[in-house]
>>> print(open('model_35.txt').read())   # compact mmCIF, C-alpha atoms
# COMPACT_ATOMS: atom_id res chain seq x y z
CA MET A 1 139.60 81.76 100.14
CA ARG A 2 140.90 84.48 97.88
CA SER A 3 141.60 87.82 99.43
CA ALA A 4 142.60 90.91 97.55
CA ARG A 5 143.11 94.53 98.39
CA LEU A 6 140.34 96.93 97.39
CA SER A 7 141.39 100.29 96.08
CA GLN A 8 139.87 103.19 97.88
CA LEU A 9 139.18 106.14 95.66
CA PRO A 10 139.73 109.59 97.08
CA ALA A 11 136.53 110.89 98.59
CA ALA A 12 135.18 114.20 97.45
CA ALA A 13 135.55 117.10 99.89
CA GLU A 14 131.85 116.73 100.53
CA GLY A 15 129.65 113.84 99.61
CA PRO A 16 129.95 110.09 99.78
CA GLN A 17 133.18 108.13 99.85
CA ALA A 18 133.61 106.14 96.63
CA LEU A 19 134.94 102.59 96.88
CA ARG A 20 135.55 100.44 93.85
CA SER A 21 133.63 97.19 94.23
CA VAL A 22 135.46 94.04 93.19
CA LEU A 23 132.93 91.38 94.11
CA LEU A 24 129.56 92.80 93.16
CA PRO A 25 130.12 92.93 89.37
CA ALA A 26 131.17 89.27 89.39
CA LEU A 27 128.15 88.38 91.53
CA LEU A 28 125.80 90.14 89.12
CA ALA A 29 127.53 88.52 86.15
CA ASP A 30 126.98 85.11 87.75
CA LEU A 31 123.23 85.60 88.07
CA PRO A 32 121.30 83.18 85.89
CA ARG A 33 120.14 84.45 82.51
CA GLU A 34 117.56 81.79 81.82
CA ARG A 35 115.09 83.05 84.41
CA ARG A 36 114.20 86.23 86.20
CA VAL A 37 116.23 86.61 89.36
CA SER A 38 115.28 88.16 92.66
CA ILE A 39 117.47 90.60 94.59
CA LEU A 40 116.78 91.75 98.14
CA ASP A 41 118.33 95.00 99.33
CA LEU A 42 118.19 95.40 103.11
CA GLY A 43 119.19 99.06 103.02
CA PRO A 44 117.17 102.18 102.27
CA ALA A 45 115.78 102.54 98.75
CA ARG A 46 118.06 104.62 96.52
CA GLN A 47 117.63 105.76 92.93
CA ALA A 48 121.25 104.81 92.17
CA ASN A 49 120.54 101.18 93.10
CA ILE A 50 117.32 101.10 91.13
CA ASP A 51 119.13 102.47 88.07
CA CYS A 52 121.88 99.86 88.34
CA PHE A 53 119.67 96.87 88.88
CA SER A 54 116.98 97.87 86.41
CA ALA A 55 119.45 96.99 83.65
CA PHE A 56 118.84 93.34 84.51
CA SER A 57 115.66 91.36 84.10
CA LEU A 58 114.94 90.91 87.74
CA ARG A 59 112.73 91.65 90.68
CA TYR A 60 114.43 94.08 93.01
CA THR A 61 113.09 94.33 96.55
CA CYS A 62 114.00 97.26 98.78
CA TRP A 63 113.36 96.43 102.39
CA ASP A 64 115.12 98.79 104.75
CA ILE A 65 115.56 97.04 108.09
CA GLY A 66 117.19 100.02 109.81
CA GLU A 67 114.28 100.64 112.18
CA ALA A 68 113.94 96.96 113.10
CA LEU A 69 117.69 96.81 113.75
CA ALA A 70 117.45 99.76 116.13
CA GLU A 71 114.66 97.97 117.96
CA LEU A 72 116.72 94.78 118.13
CA ARG A 73 119.63 96.68 119.61
CA ARG A 74 117.42 97.93 122.40
CA LEU A 75 116.79 94.35 123.48
CA VAL A 76 120.06 94.06 125.35
CA LEU A 77 120.45 92.26 128.60
CA PRO A 78 121.86 94.43 131.38
CA PRO A 79 125.45 93.43 132.27
CA ALA A 80 125.71 90.79 134.93
CA GLY A 81 126.87 92.04 138.30
CA THR A 82 129.64 90.19 140.03
CA ARG A 83 127.59 89.54 143.12
CA LEU A 84 124.05 88.81 142.17
CA SER A 85 121.68 87.27 144.67
CA ARG A 86 119.99 84.01 143.77
CA ALA A 87 116.73 85.88 143.15
CA ALA A 88 118.50 88.44 140.95
CA ARG A 89 120.19 85.65 138.96
CA ALA A 90 116.84 83.88 138.47
CA ALA A 91 115.23 87.14 137.37
CA ARG A 92 118.07 87.76 134.94
CA GLU A 93 117.73 84.28 133.42
CA ALA A 94 113.98 84.75 133.05
CA ARG A 95 114.64 88.11 131.39
CA ARG A 96 117.19 86.52 129.06
CA ALA A 97 114.68 83.90 127.88
CA GLU A 98 112.03 86.58 127.48
CA MET A 99 114.38 88.75 125.47
CA GLU A 100 115.51 85.93 123.20
CA ALA A 101 111.88 85.16 122.44
CA ALA A 102 111.24 88.86 121.75
CA ARG A 103 114.26 89.01 119.43
CA ARG A 104 113.14 85.93 117.57
CA ARG A 105 109.64 87.36 117.16
CA LEU A 106 111.07 90.64 115.90
CA ILE A 107 113.39 88.95 113.39
CA ASP A 108 110.69 86.56 112.19
CA GLY A 109 108.21 89.42 111.79
CA MET A 110 110.78 91.57 110.00
CA LEU A 111 111.67 88.84 107.49
CA GLU A 112 108.12 87.54 107.01
CA ALA A 113 106.96 91.04 106.08
CA ILE A 114 109.22 91.07 103.00
CA PRO A 115 106.90 90.58 100.04
CA THR A 116 109.23 88.40 97.97
CA ARG A 117 111.05 85.10 98.51
CA ASP A 118 113.59 82.91 96.71
CA TRP A 119 116.23 85.61 96.64
CA ASP A 120 119.22 84.91 94.45
CA LEU A 121 121.20 87.78 95.90
CA VAL A 122 120.84 89.68 99.18
CA LEU A 123 122.58 93.02 99.69
CA ALA A 124 123.50 93.51 103.36
CA TRP A 125 125.72 96.55 103.53
CA GLU A 126 127.09 97.38 107.02
CA ILE A 127 124.16 95.59 108.64
CA PHE A 128 125.80 92.59 110.32
CA ASN A 129 127.99 94.78 112.53
CA TYR A 130 124.96 96.17 114.31
CA LEU A 131 123.75 92.76 115.47
CA GLU A 132 125.28 90.90 118.39
CA ARG A 133 126.61 87.47 117.50
CA PRO A 134 123.60 85.42 118.78
CA VAL A 135 121.17 87.86 117.19
CA LEU A 136 123.14 87.82 113.94
CA SER A 137 122.96 84.04 113.99
CA LEU A 138 119.17 84.15 114.36
CA PHE A 139 118.94 86.80 111.66
CA LEU A 140 121.04 84.84 109.17
CA GLN A 141 119.06 81.65 109.79
CA GLY A 142 115.85 83.55 109.05
CA LEU A 143 117.39 85.19 106.00
CA VAL A 144 118.65 82.01 104.34
CA ALA A 145 115.21 80.44 104.82
CA GLY A 146 113.97 82.96 102.22
CA MET A 147 116.92 82.49 99.86
CA ARG A 148 117.16 80.24 96.89
CA ARG A 149 119.63 77.41 97.50
CA GLY A 150 122.92 78.51 95.97
CA GLY A 151 121.99 82.16 96.54
CA ARG A 152 124.54 84.76 97.60
CA ILE A 153 124.80 87.51 100.17
CA HIS A 154 126.91 90.53 99.30
CA ALA A 155 127.91 92.03 102.63
CA LEU A 156 130.03 94.93 103.78
CA ILE A 157 131.34 94.44 107.29
CA TRP A 158 133.70 96.26 109.60
CA GLY A 159 136.37 94.12 111.21
CA GLN A 160 139.63 94.66 113.05
CA GLY A 161 137.94 95.59 116.31
CA ARG A 162 136.43 98.92 115.33
CA MET A 163 133.32 100.04 113.52
CA PRO A 164 131.37 103.27 113.06
CA ALA A 165 128.95 104.11 115.86
CA ARG A 166 126.21 104.63 113.27
CA MET A 167 125.43 102.70 110.13
CA ALA A 168 126.14 104.61 106.93
CA ASP A 169 124.01 104.67 103.79
CA VAL A 170 125.65 102.77 100.95
CA SER A 171 124.52 102.77 97.35
CA PHE A 172 125.82 101.23 94.16
CA ALA A 173 126.82 103.25 91.13
CA PRO A 174 128.30 102.47 87.72
CA GLY A 175 132.03 102.09 87.78
CA PRO A 176 131.32 99.79 89.63
CA VAL A 177 131.50 101.87 92.75
CA LEU A 178 130.03 101.64 96.22
CA LEU A 179 129.16 105.09 97.53
CA ARG A 180 129.39 105.26 101.30
CA ASP A 181 127.57 108.26 102.70
CA ALA A 182 128.80 108.92 106.25
CA PRO A 183 129.43 112.03 108.33
CA ALA A 184 132.81 113.70 107.72
CA GLU A 185 133.71 113.31 111.41
CA GLU A 186 132.66 109.71 111.80
CA GLU A 187 132.66 108.29 115.32
CA PHE A 188 134.11 104.80 115.74
CA VAL A 189 133.45 102.36 118.54
CA GLU A 190 134.81 98.94 119.46
CA GLY A 191 133.25 96.02 117.64
CA GLY A 192 133.00 94.46 114.25
CA TYR A 193 133.42 91.01 112.79
CA SER A 194 136.18 89.45 110.80
CA GLN A 195 135.08 87.13 108.03
CA TYR A 196 136.34 84.22 110.14
CA GLN A 197 134.07 85.23 113.01
CA LEU A 198 131.10 84.77 110.71
CA ARG A 199 131.84 81.06 110.47
CA GLY A 200 129.38 78.78 112.18
CA LEU A 201 126.71 81.41 112.60
CA CYS A 202 124.39 79.80 110.14
CA GLU A 203 124.41 76.26 108.78
CA GLY A 204 125.04 76.17 105.04
CA LEU A 205 126.23 79.75 104.82
CA VAL A 206 129.93 80.18 103.99
CA VAL A 207 132.18 83.08 103.11
CA HIS A 208 132.95 82.37 99.49
CA LYS A 209 135.21 85.36 98.82
CA GLY A 210 136.44 88.32 100.81
CA VAL A 211 138.16 91.56 99.89
CA LEU A 212 139.76 93.87 102.44
CA LEU A 213 139.67 97.63 102.36
CA ARG A 214 142.36 99.78 103.83
CA ASN A 215 139.94 101.43 106.25
CA GLY A 216 138.84 98.11 107.75
CA LEU A 217 135.69 97.63 105.72
CA GLN A 218 135.46 94.21 104.06
CA GLU A 219 133.49 93.26 101.00
CA LEU A 220 132.20 89.70 101.31
CA ASN A 221 130.47 87.22 99.08
CA LEU A 222 128.68 84.62 101.17
CA SER A 223 127.04 81.65 99.54
CA TYR A 224 124.20 79.57 100.87
CA GLY A 225 124.15 75.92 99.95
CA GLY A 226 126.70 74.06 97.91
CA ARG A 227 125.22 74.42 94.48
CA PRO A 228 126.12 77.41 92.36
CA LEU A 229 123.45 79.90 91.30
CA MET B 1 81.51 102.90 91.75
CA LEU B 2 82.29 106.58 91.58
CA ASP B 3 80.43 108.73 89.06
CA MET B 4 83.15 110.80 87.36
CA ASN B 5 80.72 113.31 85.89
CA GLN B 6 79.30 113.96 89.32
CA ILE B 7 82.81 114.38 90.75
CA ARG B 8 83.73 116.81 87.98
CA LYS B 9 80.57 118.84 88.59
CA ASN B 10 81.30 118.88 92.33
CA VAL B 11 84.90 119.94 91.72
CA VAL B 12 83.84 122.76 89.38
CA ARG B 13 81.18 123.91 91.85
CA TRP B 14 83.67 123.67 94.73
CA SER B 15 86.34 125.55 92.75
CA LYS B 16 83.93 128.35 91.84
CA GLN B 17 82.86 128.64 95.45
CA ASN B 18 86.51 128.78 96.53
CA ASP B 19 87.28 131.41 93.90
CA ARG B 20 84.43 133.56 95.17
CA GLU B 21 85.62 133.16 98.75
CA GLU B 22 89.24 133.93 97.82
CA ALA B 23 88.23 136.98 95.80
CA ALA B 24 86.28 138.24 98.80
CA ALA B 25 89.18 137.60 101.22
CA PRO B 26 91.64 140.50 101.57
CA GLY B 27 95.43 139.81 101.41
CA ARG B 28 95.53 136.52 99.54
CA GLN B 29 98.12 134.07 100.90
CA ALA B 30 100.82 132.29 98.89
CA PRO B 31 99.59 129.04 97.28
CA SER B 32 99.74 125.97 99.52
CA PRO B 33 101.59 122.80 98.44
CA LYS B 34 98.20 121.30 97.66
CA GLN B 35 97.39 124.13 95.26
CA GLU B 36 100.85 123.88 93.71
CA THR B 37 100.36 120.14 93.14
CA LEU B 38 97.07 120.81 91.41
CA ALA B 39 98.66 123.56 89.35
CA ALA B 40 101.51 121.27 88.32
CA ALA B 41 99.07 118.55 87.31
CA LYS B 42 97.01 121.10 85.39
CA SER B 43 100.03 122.32 83.45
CA ARG B 44 101.12 118.81 82.40
CA PRO B 45 100.58 118.12 78.71
CA ALA B 46 98.40 115.02 78.39
CA ALA B 47 95.65 113.61 76.31
CA SER B 48 93.15 114.87 78.83
CA ALA B 49 94.87 118.20 79.36
CA ALA B 50 91.88 120.00 77.93
CA ARG B 51 90.11 119.62 81.23
CA PRO B 52 91.53 120.02 84.70
CA PRO B 53 92.34 116.87 86.67
CA ALA B 54 89.64 115.68 88.97
CA ASN B 55 90.45 116.21 92.61
CA ILE B 56 89.62 114.46 95.86
CA GLY B 57 90.04 117.05 98.56
CA ALA B 58 91.88 116.60 101.85
CA SER B 59 88.71 116.15 103.88
CA ILE B 60 87.29 113.41 101.66
CA LEU B 61 87.36 109.70 102.57
CA PHE B 62 86.47 107.43 99.67
CA LYS B 63 86.11 103.65 99.98
CA GLY B 64 85.62 101.47 96.92
CA GLU B 65 86.79 101.38 93.35
CA LEU B 66 87.76 104.56 91.61
CA SER B 67 88.05 104.53 87.81
CA GLY B 68 87.76 106.97 84.96
CA ASP B 69 89.24 108.53 81.85
CA GLU B 70 90.85 111.66 83.18
CA ASP B 71 93.79 112.64 85.32
CA PHE B 72 93.27 112.62 89.05
CA VAL B 73 94.81 114.37 92.04
CA ILE B 74 94.08 112.89 95.45
CA GLN B 75 94.65 114.92 98.58
CA GLY B 76 92.19 112.96 100.70
CA ARG B 77 91.92 109.35 101.79
CA VAL B 78 91.11 106.52 99.41
CA GLU B 79 90.74 102.87 100.36
CA GLY B 80 90.07 100.21 97.77
CA LYS B 81 91.20 100.18 94.16
CA ILE B 82 92.12 102.87 91.63
CA ASN B 83 92.05 102.20 87.90
CA LEU B 84 93.06 105.05 85.58
CA SER B 85 94.93 102.94 83.06
CA ASN B 86 95.04 105.66 80.38
CA ASN B 87 95.56 108.59 82.70
CA ASN B 88 97.83 110.02 85.33
CA LEU B 89 97.35 109.90 89.06
CA THR B 90 98.96 112.19 91.62
CA VAL B 91 98.76 111.35 95.31
CA GLY B 92 99.25 114.80 96.85
CA GLU B 93 101.19 115.50 100.01
CA GLU B 94 98.04 115.21 102.07
CA GLY B 95 96.86 112.09 100.26
CA ARG B 96 96.57 108.85 102.24
CA ILE B 97 95.93 105.87 100.03
CA ARG B 98 95.35 102.22 100.86
CA ALA B 99 94.72 100.81 97.44
CA ASP B 100 96.21 99.06 94.44
CA ILE B 101 96.65 101.52 91.59
CA VAL B 102 96.75 101.15 87.81
CA ALA B 103 97.57 104.37 85.94
CA ARG B 104 99.81 105.66 83.17
CA VAL B 105 102.02 107.88 85.33
CA ILE B 106 101.70 107.58 89.10
CA THR B 107 103.23 110.33 91.23
CA VAL B 108 103.29 109.91 94.99
CA GLU B 109 103.90 112.91 97.24
CA GLY B 110 101.92 111.57 100.20
CA GLU B 111 101.39 108.15 101.74
CA LEU B 112 100.53 104.98 99.90
CA VAL B 113 100.08 101.40 101.04
CA GLY B 114 99.36 99.20 98.05
CA ASP B 115 100.72 97.97 94.75
CA MET B 116 101.31 100.30 91.81
CA PHE B 117 101.13 99.39 88.13
CA GLY B 118 102.42 102.36 86.17
CA THR B 119 102.19 101.62 82.45
CA GLU B 120 104.58 104.50 81.74
CA LYS B 121 106.25 105.62 84.94
CA VAL B 122 106.11 105.72 88.73
CA ILE B 123 107.56 108.70 90.59
CA ILE B 124 107.98 108.87 94.36
CA ARG B 125 108.71 112.42 95.43
CA ALA B 126 110.91 113.37 98.41
CA THR B 127 107.82 113.65 100.63
CA GLY B 128 106.40 110.32 99.46
CA ARG B 129 106.12 107.26 101.68
CA VAL B 130 105.24 104.03 99.95
CA LYS B 131 104.83 100.46 101.14
CA GLY B 132 103.92 98.14 98.30
CA ASN B 133 105.17 96.73 95.04
CA ILE B 134 105.86 98.65 91.85
CA THR B 135 105.50 97.25 88.35
CA SER B 136 106.51 99.85 85.78
CA PRO B 137 109.12 100.33 83.02
CA ARG B 138 110.49 103.43 84.73
CA VAL B 139 110.76 104.28 88.41
CA THR B 140 112.01 107.53 89.88
CA LEU B 141 112.77 107.84 93.56
CA GLU B 142 113.70 111.29 94.80
CA ASP B 143 116.20 111.74 97.64
CA GLY B 144 114.36 111.49 100.93
CA ALA B 145 111.54 109.35 99.56
CA LYS B 146 110.66 106.29 101.63
CA PHE B 147 109.93 103.07 99.80
CA LYS B 148 109.56 99.49 100.99
CA GLY B 149 108.59 96.86 98.49
CA SER B 150 109.63 95.25 95.26
CA ILE B 151 110.26 96.83 91.87
CA ASP B 152 109.62 94.98 88.65
CA MET B 153 110.75 96.83 85.55
CA ASP B 154 110.81 93.85 83.21
CA PRO B 155 108.74 94.85 80.12
CA GLN B 156 106.92 91.51 80.00
CA ALA B 157 106.04 91.70 83.67
CA VAL B 158 104.82 95.29 83.22
CA ASP B 159 102.64 94.38 80.22
CA GLY B 160 101.27 91.31 81.95
CA ALA B 161 100.54 93.04 85.23
CA ALA B 162 98.99 96.14 83.69
CA GLY B 163 96.94 94.01 81.29
CA SER B 164 95.57 91.70 83.93
CA GLU B 165 94.90 94.52 86.41
CA GLY B 166 93.26 96.66 83.77
CA SER B 167 91.06 93.87 82.41
CA ALA B 168 90.13 92.74 85.91
CA ALA B 169 89.11 96.25 86.81
CA ALA B 170 87.20 96.63 83.53
CA GLY B 171 85.44 93.34 84.14
CA GLU B 172 84.43 94.32 87.64
CA SER B 173 83.22 97.74 86.58
CA ALA B 174 81.16 96.39 83.65
>>> encode(input="model_35.txt", output="structure tokens")
Amino acid sequence: MRSARLSQLPAAAEGPQALRSVLLPALLADLPRERRVSILDLGPARQANIDCFSAFSLRYTCWDIGEALAELRRLVLPPAGTRLSRAARAAREARRAEMEAARRRLIDGMLEAIPTRDWDLVLAWEIFNYLERPVLSLFLQGLVAGMRRGGRIHALIWGQGRMPARMADVSFAPGPVLLRDAPAEEEFVEGGYSQYQLRGLCEGLVVHKGVLLRNGLQELNLSYGGRPL
Amino acid sequence: MLDMNQIRKNVVRWSKQNDREEAAAPGRQAPSPKQETLAAAKSRPAASAARPPANIGASILFKGELSGDEDFVIQGRVEGKINLSNNNLTVGEEGRIRADIVARVITVEGELVGDMFGTEKVIIRATGRVKGNITSPRVTLEDGAKFKGSIDMDPQAVDGAAGSEGSAAAGESA
């Protein structure tokens, strides 16, 4: 795996932080020319993204999953007490099964509602961090089911044990630059994934390339299936 | 099928009645967003600019297929299909649409669930909330606008989609 350092441009006094993207231009350049490609953006719809991607002959799907993610995060099992009675343990196990089924229903419903399929490229910016490992595994399995074999996921993830408490809006602009719109006084909490922690979450999905940012954000290119695009 | 002449007559009659009521009312209020939308649509230069755009008021619920040869402003509820392939459609802030739309320029300030085929342009204003697919050569999304769906700006896809939608609508209305 190749890893390089991403230069972080100075952020304006007000407004989004600008980060030069290393991987996305190469990903876009690799998209097939002989047919129309399909891109899925899991973040909120932004004019900047539309402008960038409209230069290509493609179908661009904006499907903001922010609300569904918030709902998923509410489905959290209460922490296990050290001294639970047998009845309490049984109730907790029943609740766990119930919750896993609810999560699966939510993820399936969220992904089935997307009007397109056969995505060549999925944009998942700062999304993975807000899903617990088992939920992320379920989510990725559902996601790759809608991807074309050989398709890619361009992800931004926070690693190194800390991540923002709230997901920021990220958009793509010429440069190529990723504009990260977050509060000036951003609150960080414990959490995050390294690219190595993403291994084994979903069969067939591998981290193809990764680029580290100074602030802990990582730009990743994940590929699904062995064949190239 | 909606009779456009009848709608126009109703709109003119309704407007005159409103004018009389407003003239009689002391201390006229500032124009509402709805009135501003209508004014903006009226001021737009277009082939059909000679006459004011037809209007579906906020209290109207229309179900079925809406088609015609003039610009339209919808502040009410429409469910079905809208075909204004040579004209512009504005879904006002109070508009609630559940329909597939074919029009030259489609502007959404309200709520829309359905697919849009804009032969020239699709604009979603900051107050707009759209769930559906867009096929158009140009798409403008203002900050704050909510959109979930796919965007197809490929010229061939736009021509194909607008052609098939337009001819289907024409065939059905014949």
>>> atom_distance(input="model_35.txt", atom1="atom CA of Ser59 of chain B", atom2="atom CA of Gly76 of chain B")
5.7 Å
>>> residues_near_point(input="model_35.txt", point="(101.1, 106.1, 99.5)", cutoff="7 Å", atoms="all atoms listed in the file", output="list in words")
Arg96, Ile97, Val108, Gly110, Glu111, Leu112, Val113, Gly128, Arg129, Val130 and Lys131 of chain B
>>> write_last_selection(input="model_35.txt", atoms="C-alpha atoms", output="PDB file, in the frame of the given file")
ATOM      1  CA  ARG B  96      96.570 108.850 102.240  1.00  0.00           C
ATOM      2  CA  ILE B  97      95.930 105.870 100.030  1.00  0.00           C
ATOM      3  CA  VAL B 108     103.290 109.910  94.990  1.00  0.00           C
ATOM      4  CA  GLY B 110     101.920 111.570 100.200  1.00  0.00           C
ATOM      5  CA  GLU B 111     101.390 108.150 101.740  1.00  0.00           C
ATOM      6  CA  LEU B 112     100.530 104.980  99.900  1.00  0.00           C
ATOM      7  CA  VAL B 113     100.080 101.400 101.040  1.00  0.00           C
ATOM      8  CA  GLY B 128     106.400 110.320  99.460  1.00  0.00           C
ATOM      9  CA  ARG B 129     106.120 107.260 101.680  1.00  0.00           C
ATOM     10  CA  VAL B 130     105.240 104.030  99.950  1.00  0.00           C
ATOM     11  CA  LYS B 131     104.830 100.460 101.140  1.00  0.00           C
TER      12      LYS B 131
END
>>> atom_distance(input="model_35.txt", atom1="atom CA of Leu58 of chain A", atom2="atom CA of Thr119 of chain B")
17.5 Å
>>> interface_residues(input="model_35.txt", of="chain A", to="chain B", cutoff="9 Å", atoms="all atoms listed in the file", output="PyMOL selection string")
chain A and resi 36+40+44-47+50-51+54-64+114-116
>>> residues_around(input="model_35.txt", residues="segment 165-182 of chain A", least_positions_apart="4", cutoff="9 Å", atoms="only C-alpha atoms", output="ChimeraX atom specification")
/A:15-22,24-25,43-49,51-52,66,125-127,129-130,186-190
>>> residues_around(input="model_35.txt", residues="Gln218 of chain A", least_positions_apart="3", cutoff="9 Å", atoms="only C-alpha atoms", output="number ranges by chain")
A: 6, 155-159, 194-195, 210-215
>>> atom_distance(input="model_35.txt", atom1="atom CA of Pro183 of chain A", atom2="atom CA of Glu93 of chain B")
29.6 Å
>>> residues_around(input="model_35.txt", residues="His208 of chain A", least_positions_apart="2", cutoff="7 Å", atoms="all atoms listed in the file", output="JSON, numbers by chain")
{"A": [1, 206, 221, 222, 223]}
>>> residues_around(input="model_35.txt", residues="Phe139 of chain A", least_positions_apart="3", cutoff="10 Å", atoms="all atoms listed in the file", output="ChimeraX atom specification")
/A:103-104,106-108,110-111,128,131,133-136,142-144,201-202
>>> residues_near_point(input="model_35.txt", point="(87.8, 101.0, 95.2)", cutoff="6 Å", atoms="only C-alpha atoms", output="ChimeraX atom specification")
/B:63-66,80-82
>>> closest_residue(input="model_35.txt", among="A:Arg199, A:Arg92, A:Arg83, A:His154", to="Asp41 of chain A", atoms="all atoms listed in the file")
A:His154
>>> axis_aligned_box(input="model_35.txt", around="segment 81-97 of chain B", padding_each_side="5 Å", output="lines of an AutoDock Vina configuration file")
center_x = 96.2
center_y = 107.8
center_z = 91.3
size_x = 20.0
size_y = 25.3
size_z = 31.9
